[in-house]
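Undergrad: You'll find my_file.cif just under this line, and it carries mmCIF, C-alpha atoms and all ligand atoms.
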data_data
loop_
_atom_site.label_atom_id
_atom_site.label_comp_id
_atom_site.auth_asym_id
_atom_site.auth_seq_id
_atom_site.Cartn_x
_atom_site.Cartn_y
_atom_site.Cartn_z
CA MET A 1 -1.56 -49.71 23.05
CA SER A 2 2.05 -50.41 24.01
CA LEU A 3 4.44 -47.50 23.77
CA LEU A 4 6.68 -49.48 21.48
CA LEU A 5 3.90 -50.13 18.99
CA GLU A 6 2.82 -46.49 19.13
CA ASP A 7 6.39 -45.46 18.48
CA LYS A 8 6.63 -47.78 15.47
CA LEU A 9 3.45 -46.33 13.99
CA PHE A 10 4.73 -42.78 14.52
CA ARG A 11 7.92 -43.72 12.73
CA THR A 12 5.97 -45.20 9.82
CA GLU A 13 3.95 -42.02 9.61
CA ASN A 14 7.17 -40.05 9.42
CA GLY A 15 8.61 -42.03 6.55
CA GLU A 16 10.74 -44.72 8.14
CA PRO A 17 10.45 -48.23 6.69
CA ALA A 18 7.88 -50.59 8.23
CA VAL A 19 9.19 -52.42 11.25
CA LEU A 20 5.99 -54.13 12.39
CA ASP A 21 6.54 -57.75 13.34
CA ARG A 22 3.98 -60.53 13.68
CA ARG A 23 3.32 -59.68 17.34
CA ASP A 24 2.69 -56.04 16.49
CA LEU A 25 0.21 -57.12 13.84
CA GLU A 26 -1.65 -59.36 16.26
CA THR A 27 -1.62 -56.72 19.01
CA THR A 28 -2.99 -54.12 16.63
CA LEU A 29 -5.76 -56.41 15.42
CA ALA A 30 -6.76 -57.25 18.99
CA ALA A 31 -6.53 -53.66 20.28
CA ASP A 32 -9.47 -51.40 21.09
CA SER A 33 -10.40 -48.57 18.77
CA SER A 34 -8.01 -46.10 20.42
CA ILE A 35 -5.31 -47.37 18.06
CA ASP A 36 -7.21 -46.57 14.88
CA GLU A 37 -6.45 -42.91 14.42
CA LEU A 38 -2.69 -43.35 14.57
CA LEU A 39 -2.79 -46.59 12.59
CA PHE A 40 -4.80 -45.08 9.74
CA ARG A 41 -2.64 -41.95 9.68
CA ALA A 42 0.49 -44.08 9.38
CA ALA A 43 -1.06 -46.18 6.57
CA ARG A 44 -2.23 -43.09 4.68
CA ALA A 45 1.20 -41.54 4.96
CA ALA A 46 2.78 -44.73 3.56
CA LEU A 47 0.29 -44.70 0.67
CA LEU A 48 0.69 -41.03 -0.18
CA ARG A 49 4.48 -41.32 -0.18
CA THR A 50 4.41 -44.32 -2.52
CA LEU A 51 1.41 -44.14 -4.82
CA GLY A 52 -0.05 -40.69 -4.18
CA SER A 53 -3.67 -39.78 -3.64
CA GLY A 54 -5.12 -41.33 -6.82
CA VAL A 55 -7.90 -43.90 -6.70
CA TYR A 56 -7.96 -46.45 -9.51
CA LEU A 57 -11.17 -47.96 -10.84
CA ARG A 58 -11.82 -51.47 -12.12
CA GLY A 59 -15.15 -52.10 -13.81
CA ILE A 60 -16.44 -55.54 -12.76
CA VAL A 61 -18.43 -57.77 -15.07
CA GLU A 62 -19.81 -60.82 -13.27
CA ILE A 63 -19.88 -63.08 -16.29
CA SER A 64 -21.43 -66.19 -14.68
CA ASN A 65 -22.65 -67.20 -11.23
CA ALA A 66 -22.16 -70.92 -11.88
CA CYS A 67 -19.54 -72.64 -9.73
CA ARG A 68 -18.29 -76.19 -9.31
CA LYS A 69 -17.10 -75.50 -5.77
CA ASN A 70 -19.13 -75.64 -2.59
CA CYS A 71 -17.40 -73.23 -0.17
CA LEU A 72 -19.32 -73.17 3.10
CA TYR A 73 -19.63 -69.36 3.21
CA CYS A 74 -20.58 -68.49 -0.35
CA GLY A 75 -24.01 -67.99 -1.90
CA LEU A 76 -22.77 -69.20 -5.29
CA ARG A 77 -21.81 -72.62 -3.88
CA SER A 78 -22.93 -75.50 -6.04
CA GLY A 79 -25.08 -76.84 -3.18
CA ASN A 80 -27.25 -73.71 -3.21
CA THR A 81 -30.08 -74.99 -5.38
CA ALA A 82 -32.20 -71.92 -4.57
CA LEU A 83 -30.02 -69.79 -6.87
CA GLU A 84 -30.92 -69.43 -10.54
CA ARG A 85 -27.70 -69.69 -12.57
CA TYR A 86 -26.73 -67.56 -15.56
CA ALA A 87 -23.87 -67.22 -18.01
CA MET A 88 -23.43 -64.03 -20.03
CA SER A 89 -22.83 -64.41 -23.75
CA PHE A 90 -19.80 -62.98 -25.56
CA ASP A 91 -21.93 -60.12 -26.92
CA GLU A 92 -23.38 -59.30 -23.50
CA ILE A 93 -19.92 -59.19 -21.93
CA VAL A 94 -18.51 -57.00 -24.67
CA MET A 95 -21.47 -54.61 -24.41
CA ALA A 96 -20.89 -54.26 -20.66
CA LEU A 97 -17.19 -53.56 -21.27
CA GLU A 98 -18.03 -50.97 -23.92
CA ASP A 99 -20.36 -49.21 -21.46
CA GLY A 100 -17.45 -49.01 -19.04
CA TRP A 101 -15.05 -47.80 -21.72
CA ARG A 102 -17.45 -45.03 -22.76
CA ALA A 103 -17.69 -43.95 -19.11
CA GLY A 104 -13.88 -43.61 -19.10
CA LEU A 105 -12.84 -46.87 -17.38
CA ARG A 106 -9.56 -48.42 -18.52
CA SER A 107 -9.34 -51.51 -16.35
CA PHE A 108 -11.88 -54.32 -16.23
CA LEU A 109 -12.38 -57.34 -14.02
CA LEU A 110 -14.15 -60.44 -15.34
CA GLN A 111 -15.44 -62.49 -12.43
CA SER A 112 -17.24 -65.83 -12.21
CA GLY A 113 -17.52 -68.92 -10.10
CA GLU A 114 -15.01 -71.67 -10.81
CA LEU A 115 -15.75 -73.56 -14.02
CA LEU A 116 -13.14 -75.77 -15.64
CA GLY A 117 -14.99 -76.46 -18.90
CA GLY A 118 -13.13 -75.60 -22.09
CA GLU A 119 -16.09 -73.53 -23.27
CA HIS A 120 -15.87 -71.16 -20.31
CA VAL A 121 -12.11 -70.71 -20.71
CA SER A 122 -12.48 -70.22 -24.47
CA LEU A 123 -15.15 -67.59 -23.96
CA ILE A 124 -12.90 -65.66 -21.58
CA ALA A 125 -9.98 -65.99 -24.03
CA ARG A 126 -12.14 -64.61 -26.85
CA VAL A 127 -13.19 -61.65 -24.71
CA LEU A 128 -9.56 -60.93 -23.77
CA GLU A 129 -8.49 -61.10 -27.41
CA TRP A 130 -11.32 -58.76 -28.34
CA THR A 131 -10.23 -56.21 -25.74
CA ARG A 132 -6.64 -56.34 -27.02
CA ARG A 133 -7.74 -55.84 -30.62
CA GLN A 134 -10.12 -53.07 -29.67
CA TRP A 135 -8.11 -51.16 -27.11
CA GLY A 136 -4.53 -52.45 -27.36
CA ASP A 137 -2.44 -51.53 -24.36
CA SER A 138 -4.76 -48.82 -23.08
CA VAL A 139 -6.59 -51.26 -20.83
CA ARG A 140 -5.72 -53.81 -18.19
CA MET A 141 -7.81 -56.97 -17.98
CA VAL A 142 -8.20 -58.68 -14.63
CA LEU A 143 -9.62 -62.15 -14.07
CA SER A 144 -11.14 -63.61 -10.95
CA THR A 145 -12.40 -66.97 -12.11
CA GLY A 146 -11.12 -69.41 -9.52
CA GLU A 147 -8.42 -72.08 -9.57
CA LEU A 148 -7.67 -72.99 -13.16
CA PRO A 149 -5.11 -75.48 -14.44
CA ARG A 150 -1.74 -74.03 -15.35
CA ASP A 151 -2.19 -74.44 -19.10
CA ALA A 152 -5.45 -72.45 -18.94
CA LEU A 153 -3.74 -69.70 -16.92
CA GLU A 154 -0.96 -69.51 -19.50
CA ARG A 155 -3.43 -69.48 -22.36
CA LEU A 156 -5.48 -66.68 -20.81
CA HIS A 157 -2.38 -64.60 -20.13
CA ARG A 158 -1.32 -64.95 -23.75
CA ALA A 159 -4.84 -64.01 -24.84
CA GLY A 160 -4.48 -60.63 -23.12
CA GLY A 161 -5.07 -61.12 -19.37
CA ASP A 162 -2.86 -58.94 -17.17
CA ARG A 163 -3.94 -59.50 -13.58
CA TYR A 164 -5.48 -62.37 -11.69
CA LEU A 165 -7.19 -62.25 -8.33
CA LEU A 166 -7.31 -65.52 -6.39
CA ARG A 167 -8.06 -65.12 -2.72
CA ILE A 168 -6.41 -67.55 -0.37
CA GLU A 169 -9.39 -66.84 1.98
CA THR A 170 -7.19 -67.80 4.97
CA SER A 171 -3.51 -68.69 5.25
CA ASP A 172 -4.27 -71.21 8.01
CA PRO A 173 -4.75 -74.73 6.63
CA GLY A 174 -6.86 -75.71 9.68
CA LEU A 175 -9.26 -72.78 9.28
CA TYR A 176 -9.34 -73.39 5.51
CA THR A 177 -10.62 -76.89 6.23
CA LYS A 178 -13.37 -75.47 8.45
CA LEU A 179 -14.51 -73.12 5.69
CA HIS A 180 -14.55 -75.67 2.90
CA PRO A 181 -16.06 -79.14 2.53
CA ASP A 182 -13.79 -82.15 2.70
CA ASP A 183 -14.70 -83.59 -0.69
CA GLY A 184 -11.41 -83.64 -2.57
CA LEU A 185 -12.33 -80.49 -4.49
CA HIS A 186 -11.28 -77.88 -1.92
CA SER A 187 -7.59 -78.11 -1.17
CA PHE A 188 -5.47 -75.47 0.54
CA GLN A 189 -2.38 -76.84 -1.22
CA THR A 190 -4.01 -76.58 -4.64
CA ARG A 191 -4.95 -72.97 -3.91
CA LEU A 192 -1.36 -72.17 -2.97
CA GLN A 193 -0.03 -73.93 -6.04
CA CYS A 194 -2.41 -72.01 -8.25
CA LEU A 195 -1.19 -68.70 -6.81
CA GLN A 196 2.35 -69.81 -7.54
CA ASP A 197 1.40 -70.85 -11.10
CA LEU A 198 -0.18 -67.45 -11.69
CA ARG A 199 2.96 -65.63 -10.78
CA GLU A 200 5.16 -67.93 -12.80
CA ALA A 201 2.87 -67.52 -15.81
CA GLY A 202 3.52 -63.76 -15.67
CA TRP A 203 0.27 -62.47 -14.18
CA GLN A 204 0.11 -59.56 -11.78
CA THR A 205 -1.02 -61.69 -8.89
CA GLY A 206 -3.65 -60.66 -6.37
CA SER A 207 -4.98 -62.38 -3.32
CA GLY A 208 -6.85 -61.68 -0.13
CA VAL A 209 -8.70 -63.17 2.80
CA LEU A 210 -12.10 -63.26 4.44
CA ILE A 211 -12.22 -61.25 7.66
CA GLY A 212 -14.36 -62.04 10.68
CA VAL A 213 -15.39 -65.60 9.82
CA PRO A 214 -16.50 -67.83 12.71
CA GLY A 215 -13.49 -69.39 14.44
CA GLN A 216 -10.97 -66.80 13.22
CA THR A 217 -8.70 -65.03 15.71
CA PRO A 218 -6.37 -61.99 15.52
CA ARG A 219 -3.54 -64.51 15.36
CA HIS A 220 -4.97 -66.00 12.15
CA LEU A 221 -5.35 -62.55 10.63
CA ALA A 222 -1.81 -61.52 11.60
CA ALA A 223 -0.55 -64.69 9.91
CA ASP A 224 -2.61 -63.79 6.82
CA LEU A 225 -0.81 -60.45 6.57
CA VAL A 226 2.57 -62.14 6.91
CA PHE A 227 1.56 -64.64 4.24
CA LEU A 228 0.46 -61.92 1.78
CA ARG A 229 3.69 -60.01 2.37
CA ASP A 230 5.96 -63.03 2.11
CA PHE A 231 4.24 -64.31 -1.03
CA GLY A 232 4.75 -60.87 -2.53
CA ILE A 233 1.27 -60.20 -3.90
CA ASP A 234 0.85 -57.27 -6.29
CA MET A 235 -2.72 -56.46 -5.29
CA CYS A 236 -5.21 -57.32 -2.60
CA GLY A 237 -8.94 -57.55 -2.19
CA MET A 238 -10.09 -58.54 1.27
CA GLY A 239 -13.38 -57.94 2.97
CA PRO A 240 -15.59 -58.86 5.89
CA TRP A 241 -17.45 -62.14 5.90
CA ILE A 242 -21.17 -61.50 5.44
CA GLU A 243 -23.84 -64.04 6.39
CA HIS A 244 -25.80 -65.78 3.66
CA ALA A 245 -28.84 -67.74 4.85
CA ASP A 246 -28.46 -70.38 2.12
CA THR A 247 -24.97 -71.43 3.24
CA PRO A 248 -23.83 -73.81 6.01
CA LEU A 249 -21.66 -71.15 7.70
CA PHE A 250 -24.83 -69.20 8.47
CA GLU A 251 -25.50 -71.67 11.30
CA SER A 252 -22.28 -70.55 13.04
CA ARG A 253 -22.99 -66.84 12.75
CA ASP A 254 -23.11 -66.39 16.54
CA GLU A 255 -19.44 -67.40 16.70
CA ALA A 256 -18.41 -64.53 14.40
CA PRO A 257 -17.62 -61.03 15.67
CA PRO A 258 -20.51 -58.55 15.33
CA ARG A 259 -20.76 -56.89 11.92
CA GLU A 260 -19.39 -53.60 13.20
CA SER A 261 -16.28 -55.36 14.48
CA ARG A 262 -15.82 -57.14 11.14
CA VAL A 263 -15.79 -53.72 9.48
CA GLY A 264 -13.28 -52.45 12.04
CA LEU A 265 -11.06 -55.50 11.56
CA THR A 266 -11.18 -55.09 7.78
CA LEU A 267 -10.04 -51.48 8.05
CA ARG A 268 -7.17 -52.47 10.31
CA MET A 269 -6.16 -55.26 7.93
CA ILE A 270 -6.09 -52.76 5.06
CA ALA A 271 -4.02 -50.30 7.08
CA LEU A 272 -1.52 -52.91 8.27
CA LEU A 273 -1.09 -54.37 4.79
CA ARG A 274 -0.54 -50.88 3.39
CA ILE A 275 2.21 -50.33 5.95
CA LEU A 276 3.79 -53.71 5.14
CA MET A 277 3.40 -53.34 1.36
CA PRO A 278 3.21 -49.65 0.42
CA ASP A 279 3.49 -50.19 -3.36
CA ILE A 280 0.66 -52.66 -4.02
CA ASN A 281 -2.94 -51.95 -5.00
CA ILE A 282 -5.52 -52.55 -2.26
CA SER A 283 -9.24 -52.27 -2.87
CA ALA A 284 -12.05 -50.97 -0.74
CA THR A 285 -14.15 -54.04 -1.48
CA THR A 286 -17.84 -54.31 -2.22
CA ALA A 287 -18.26 -56.44 0.91
CA LEU A 288 -16.81 -53.64 3.03
CA GLN A 289 -19.14 -51.17 1.37
CA THR A 290 -22.07 -53.53 1.88
CA LEU A 291 -21.55 -53.78 5.65
CA SER A 292 -20.84 -50.09 6.11
CA PRO A 293 -22.51 -47.18 4.29
CA ARG A 294 -19.26 -45.20 4.63
CA GLY A 295 -17.12 -48.23 3.76
CA LEU A 296 -15.63 -46.59 0.69
CA GLU A 297 -14.41 -43.52 2.55
CA ALA A 298 -13.25 -45.56 5.53
CA GLY A 299 -11.37 -48.01 3.27
CA LEU A 300 -9.62 -45.15 1.44
CA ASN A 301 -8.75 -43.49 4.75
CA ALA A 302 -7.21 -46.74 5.95
CA GLY A 303 -4.94 -47.00 2.89
CA ALA A 304 -6.99 -48.52 0.03
CA ASN A 305 -6.47 -47.06 -3.46
CA VAL A 306 -8.87 -49.04 -5.68
CA PHE A 307 -12.59 -49.57 -5.97
CA MET A 308 -14.65 -51.53 -8.41
CA PRO A 309 -17.82 -50.13 -9.94
CA ASN A 310 -20.13 -52.87 -11.17
CA LEU A 311 -20.86 -53.10 -14.90
CA THR A 312 -22.90 -56.33 -14.79
CA PRO A 313 -26.39 -55.92 -16.30
CA LEU A 314 -28.80 -55.42 -13.40
CA ALA A 315 -30.84 -58.61 -13.99
CA TYR A 316 -27.68 -60.72 -13.66
CA ARG A 317 -26.16 -58.63 -10.90
CA ARG A 318 -29.00 -59.54 -8.53
CA LYS A 319 -28.15 -63.21 -9.08
CA TYR A 320 -24.47 -62.79 -8.26
CA SER A 321 -25.36 -63.13 -4.61
CA LEU A 322 -22.15 -64.07 -2.81
CA TYR A 323 -23.66 -62.76 0.44
CA GLU A 324 -26.71 -60.94 1.75
CA GLY A 325 -27.32 -57.30 0.91
CA LYS A 326 -24.79 -57.11 -1.93
CA THR A 327 -25.60 -53.74 -3.42
CA ALA A 328 -27.29 -53.58 -6.83
CA VAL A 329 -28.17 -49.97 -7.59
CA ALA A 330 -30.03 -49.25 -10.81
CA ASP A 331 -28.17 -46.00 -11.63
CA SER A 332 -26.24 -45.63 -14.87
CA ILE A 333 -22.47 -46.03 -14.82
CA PRO A 334 -21.76 -42.32 -15.36
CA GLU A 335 -24.10 -41.52 -12.44
CA VAL A 336 -22.36 -44.03 -10.18
CA LEU A 337 -18.93 -42.74 -11.18
CA ALA A 338 -19.92 -39.13 -10.56
CA ARG A 339 -21.19 -40.00 -7.09
CA MET A 340 -18.13 -42.06 -6.22
CA THR A 341 -15.79 -39.36 -7.53
CA ALA A 342 -17.46 -36.80 -5.26
CA ARG A 343 -17.24 -39.14 -2.28
CA CYS A 344 -13.52 -39.73 -2.90
CA ALA A 345 -12.90 -36.00 -3.32
CA ALA A 346 -14.61 -35.38 0.02
CA VAL A 347 -11.88 -37.43 1.72
CA GLY A 348 -9.08 -35.76 -0.23
CA ARG A 349 -8.64 -38.38 -2.94
CA HIS A 350 -8.98 -38.00 -6.68
CA VAL A 351 -10.40 -40.67 -8.92
CA ALA A 352 -8.24 -41.58 -11.88
CA PRO A 353 -10.55 -43.59 -14.18
CA GLY A 354 -8.31 -43.22 -17.24
CA LEU A 355 -5.21 -44.66 -15.57
CA VAL A 356 -4.65 -48.40 -15.85
CA GLY A 357 -2.95 -48.28 -12.44
CA ASP A 358 -0.28 -50.98 -12.54
CA PRO A 359 1.19 -51.38 -9.05
CA PRO A 360 4.88 -50.42 -8.83
CA HIS A 361 5.32 -53.63 -6.85
CA PHE A 362 4.80 -55.46 -10.15
CA THR A 363 6.25 -53.04 -12.68
CA ALA A 364 9.45 -52.03 -10.88
CA GLY A 365 12.40 -53.53 -12.70
CA ARG A 366 10.29 -54.93 -15.55
CA PRO A 367 9.93 -53.72 -19.12
CA ARG A 368 7.49 -50.80 -19.30
CA PRO A 369 3.94 -52.17 -19.47
CA ALA A 370 3.45 -50.82 -23.01
CA GLN A 371 6.50 -52.69 -24.20
CA HIS A 372 5.47 -55.75 -22.26
CA ALA A 373 2.06 -56.03 -23.92
CA ALA A 374 3.41 -55.11 -27.34
CA GLU A 375 5.95 -57.88 -27.02
CA ARG A 376 3.18 -60.30 -26.20
CA LEU A 377 1.15 -59.25 -29.21
CA ALA A 378 4.15 -59.39 -31.55
CA GLY A 379 5.49 -62.56 -30.03
CA GLY A 380 3.79 -64.86 -32.54
CA ASP A 381 2.80 -67.16 -29.68
CA ASP A 382 0.55 -70.09 -30.34
CA GLY A 383 -2.34 -68.79 -28.24
CA PRO A 384 -5.98 -69.17 -29.19
CA SER A 385 -6.88 -67.85 -32.63
CA ILE A 386 -8.49 -64.46 -32.92
CA GLY A 387 -11.97 -64.19 -34.37
N1 LIG A 401 -19.03 -62.90 2.61
C1 LIG A 401 -18.02 -62.16 2.12
N2 LIG A 401 -17.28 -62.49 1.06
C2 LIG A 401 -17.60 -63.64 0.43
N3 LIG A 401 -17.06 -64.24 -0.63
C3 LIG A 401 -17.74 -65.38 -0.86
N4 LIG A 401 -18.72 -65.53 0.05
C4 LIG A 401 -18.65 -64.46 0.88
C5 LIG A 401 -19.38 -64.06 2.01
N5 LIG A 401 -20.39 -64.77 2.50
C6 LIG A 401 -15.88 -63.75 -1.31
C7 LIG A 401 -14.75 -64.78 -1.24
C8 LIG A 401 -14.45 -65.08 -2.68
C9 LIG A 401 -15.02 -63.90 -3.41
C10 LIG A 401 -15.41 -64.20 -4.81
O1 LIG A 401 -16.16 -63.53 -2.66
O2 LIG A 401 -13.62 -64.21 -0.60
O3 LIG A 401 -13.07 -65.22 -2.95
FE1 LIG A 402 -17.37 -70.76 -5.96
FE2 LIG A 402 -15.68 -68.78 -5.26
FE3 LIG A 402 -18.09 -69.02 -4.10
FE4 LIG A 402 -16.21 -70.81 -3.55
S1 LIG A 402 -16.11 -68.58 -3.08
S2 LIG A 402 -18.35 -71.27 -4.03
S3 LIG A 402 -15.15 -70.97 -5.54
S4 LIG A 402 -17.71 -68.55 -6.26
#
Could you take the file, read its structure, and then write that structure out as structure tokens?
TA:
Amino acid sequence: MSLLLEDKLFRTENGEPAVLDRRDLETTLAADSSIDELLFRAARAALLRTLGSGVYLRGIVEISNACRKNCLYCGLRSGNTALERYAMSFDEIVMALEDGWRAGLRSFLLQSGELLGGEHVSLIARVLEWTRRQWGDSVRMVLSTGELPRDALERLHRAGGDRYLLRIETSDPGLYTKLHPDDGLHSFQTRLQCLQDLREAGWQTGSGVLIGVPGQTPRHLAADLVFLRDFGIDMCGMGPWIEHADTPLFESRDEAPPRESRVGLTLRMIALLRILMPDINISATTALQTLSPRGLEAGLNAGANVFMPNLTPLAYRRKYSLYEGKTAVADSIPEVLARMTARCAAVGRHVAPGLVGDPPHFTAGRPRPAQHAAERLAGGDDGPSIG
């Protein structure tokens, strides 16, 4: 580690603003593990100064595993004919949300593959409207349902959606092309435009990247961090690439770093992003926890402040197979939460299930969230009808 970089990390730890440039990011990502202790300490200090030690929860409901896209790394790709597809009904989704509510959760993520059909969008809108009627401003609803046209994004925001997670996967157009088929359906520019649309439509906007894919270098990852900072995301979910035998990228698995290194790279990416963007929400992703049994603790220690317990009914959860080994424990939600709470406490962090956890990066300088949502409800907009 160069003395200059070490000095910059010490300064960050001691409360001076981040001064890491692109070269520092690349050097850190390419360094050996001797950098980790100082890096993670600096990131934790930045987090504790800005957001404190709380850990926010988002209950995930994987509402459908159908997808029109064919990304080369993903088990849900349309070309994977081995996968049995499902779509949860309105009642099933609402029951899963109610389970989460009873367990104390106040923020929920609806996730699916990318489906443009009006029926899918209408179903999501109905669920969002239901949550608003039921719980008003005491919850935050997050969507992760792929690239949708701008009018659908606006409609879903009016219906009650607060946050949207759309990963860029990589900020490098060349690498993007290697990870996606060239069939007119997978465009880097469209992805960027959609992120822009989300922000303009008023969503808290989240993004993230895949880490450790074949062909990716520390330079790519450093550029990803710069992209996420310069775009000004409000939240981030990024995790290691994990092989899936029914995907084309599986064939190139020997060109990827070993799994342990992908975990290490993910932790460094979390720490560096925390230093660059202290006031955003960053999750310790399921993929990180899948590749490493102590992924939750390690992610929190590197600067993450969110994790996402799964509320999807078990029979469906097994079919939401983005990658191999995605965990699907049969325990009840209260049992899972109790275990996770204890694990967080063991690394000095307290779980705050009842807090909606808006990132200051989004809320600073805006109307208070309560006002914001109340305005939306009272606004007499011409969104989808309730009922
Ligand atoms: N390994 C890790 N993450 C994956 N995703 C899709 N396939 C994989 C994989 N094989 C992630 C992508 C996508 C999110 C829904 O899941 O980043 O945005
Ligand atoms: Fe579909 Fe998303 Fe998987 Fe791509 S990564 S195939 S868009 S679910």
Undergrad: Have a look at A:Gly160, A:Pro359, A:Pro218, A:Pro353 and name the one nearest to Arg106 in chain A; count only C-alpha atoms.
TA: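 Smallest separation from Arg106 in chain A among the options: A:Pro353.
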Undergrad: Using only C-alpha atoms and all ligand atoms, which protein or nucleic acid residues are at most 6 Å from ligand LIG 402 (chain A), as JSON, numbers by chain?
TA: {"A": [67, 69, 70, 71, 74, 76, 77, 113, 114, 146]}
Undergrad: Keeping C-alpha atoms, export the residues of the selection given above as a PDB file, in the coordinates of the input.
TA:
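Output (selection19.pdb):
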ATOM      1  CA  CYS A  67     -19.540 -72.640  -9.730  1.00  0.00           C
ATOM      2  CA  LYS A  69     -17.100 -75.500  -5.770  1.00  0.00           C
ATOM      3  CA  ASN A  70     -19.130 -75.640  -2.590  1.00  0.00           C
ATOM      4  CA  CYS A  71     -17.400 -73.230  -0.170  1.00  0.00           C
ATOM      5  CA  CYS A  74     -20.580 -68.490  -0.350  1.00  0.00           C
ATOM      6  CA  LEU A  76     -22.770 -69.200  -5.290  1.00  0.00           C
ATOM      7  CA  ARG A  77     -21.810 -72.620  -3.880  1.00  0.00           C
ATOM      8  CA  GLY A 113     -17.520 -68.920 -10.100  1.00  0.00           C
ATOM      9  CA  GLU A 114     -15.010 -71.670 -10.810  1.00  0.00           C
ATOM     10  CA  GLY A 146     -11.120 -69.410  -9.520  1.00  0.00           C
TER      11      GLY A 146
END
Undergrad: Compare A:Met88, A:Ala342, A:Leu47, A:Leu175 by their minimum atom-to-atom distance to Gly15 in chain A, counting all atoms listed in the file, and give me the closest one.
TA: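 So, comparing all the options, the nearest one is A:Leu47.
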Undergrad: Provide the CA of Gly104 in chain A to CA of Gln204 in chain A distance in Å, to one decimal place.
TA: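 Calculated distance between CA of Gly104 in chain A and CA of Gln204 in chain A is 22.4 Å.
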Undergrad: Could you pull out the residues sitting within 9 Å of ligand LIG 401 (chain A), using only C-alpha atoms and all ligand atoms, and write them as a PyMOL selection string?
TA: chain A and resi 71-77+111-113+144-146+165-169+207-211+213+237-244+247+249-250+286-288+321-324
Undergrad: What is the CA of Gly325 in chain A to CA of Met269 in chain A distance in Å?
TA: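 For CA of Gly325 in chain A relative to CA of Met269 in chain A, the distance reads 22.4 Å.
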Undergrad: Can you work out the spacing between CA of Asp172 in chain A and CA of Arg262 in chain A in Å, to one decimal?
TA: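 Computing it gives 18.5 Å between the two atoms.
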Undergrad: Of the residues A:Leu221, A:Trp203, A:Leu116, A:Leu110, which is the one nearest to Thr27 in chain A, using all atoms listed in the file?
TA: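 Using all atoms listed in the file, the shortest distance to Thr27 in chain A belongs to A:Leu221.
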Undergrad: Nearest to Asp234 in chain A among A:Leu265, A:Ala364, A:Ala222, A:Leu20, with distances taken over all atoms listed in the file: which residue is it?
TA: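 Residue with the minimum atom-to-atom distance to Asp234 in chain A: A:Ala364.
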Undergrad: Leaving out range 93-98 of chain A and any residue of its chain fewer than 2 positions from it, which residues lie within 9 Å of it when counting all atoms listed in the file, given as a PyMOL selection string?
TA: chain A and resi 59-63+88-91+100-103+105+108+110+127+130-131+311-313
Undergrad: Measuring atom to atom with all atoms listed in the file, identify which of A:His350, A:Arg259, A:Arg191, A:His361 is nearest to Met235 in chain A.
TA: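 Smallest distance to Met235 in chain A is found for A:His361.
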Undergrad: Taking every listed atom of range 114-125 of chain A and adding 5 Å to each side, what centre and edge lengths in Å (one decimal) does the axis-aligned box have, as JSON?
TA:
{"center_x": -13.0, "center_y": -71.1, "center_z": -17.6, "size_x": 16.1, "size_y": 20.8, "size_z": 23.7}
Undergrad: Tell me which protein, DNA and RNA residues are within 10 Å of Ile35 in chain A, counting all atoms listed in the file, leaving out same-chain ones fewer than 4 positions away, and put them as a PyMOL selection string.
TA: chain A and resi 1-2+5-6+9+28-29+31+39-40+268
Undergrad: Kindly indicate which residue among A:Glu129, A:Glu200, A:Asp21, A:Asp246 lies nearest to Leu83 in chain A, using only C-alpha atoms for the distances.
TA: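 The shortest atom-to-atom distance to Leu83 in chain A comes from A:Asp246.
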Undergrad: Please work out which residues fall within 7 Å of (2.6, -56.6, 1.7), coordinates as given in the file, with only C-alpha atoms counting, and return them as a count of residues only.
TA: 8
Undergrad: At a cut-off of 7 Å from (-5.5, -67.7, 10.6) in the coordinates of the file, what residues are picked up using all atoms listed in the file, written as a list of chain:residue names?
TA: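 Answer for this query, in the requested form: A:Thr170, A:Ser171, A:Asp172, A:Leu175, A:Gln216, A:Thr217, A:Arg219, A:His220, A:Leu221, A:Ala223, A:Asp224.
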Undergrad: Name the residues in contact with range 296-305 of chain A at a cut-off of 6 Å, using all atoms listed in the file, excluding same-chain residues fewer than 5 positions from it; report them as a list of chain:residue names.
TA: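 Selected residues are A:Phe40, A:Ala43, A:Arg44, A:Val55, A:Leu267, A:Ala271, A:Arg274, A:Ile282, A:Ser283, A:Ala284, A:Gln289.
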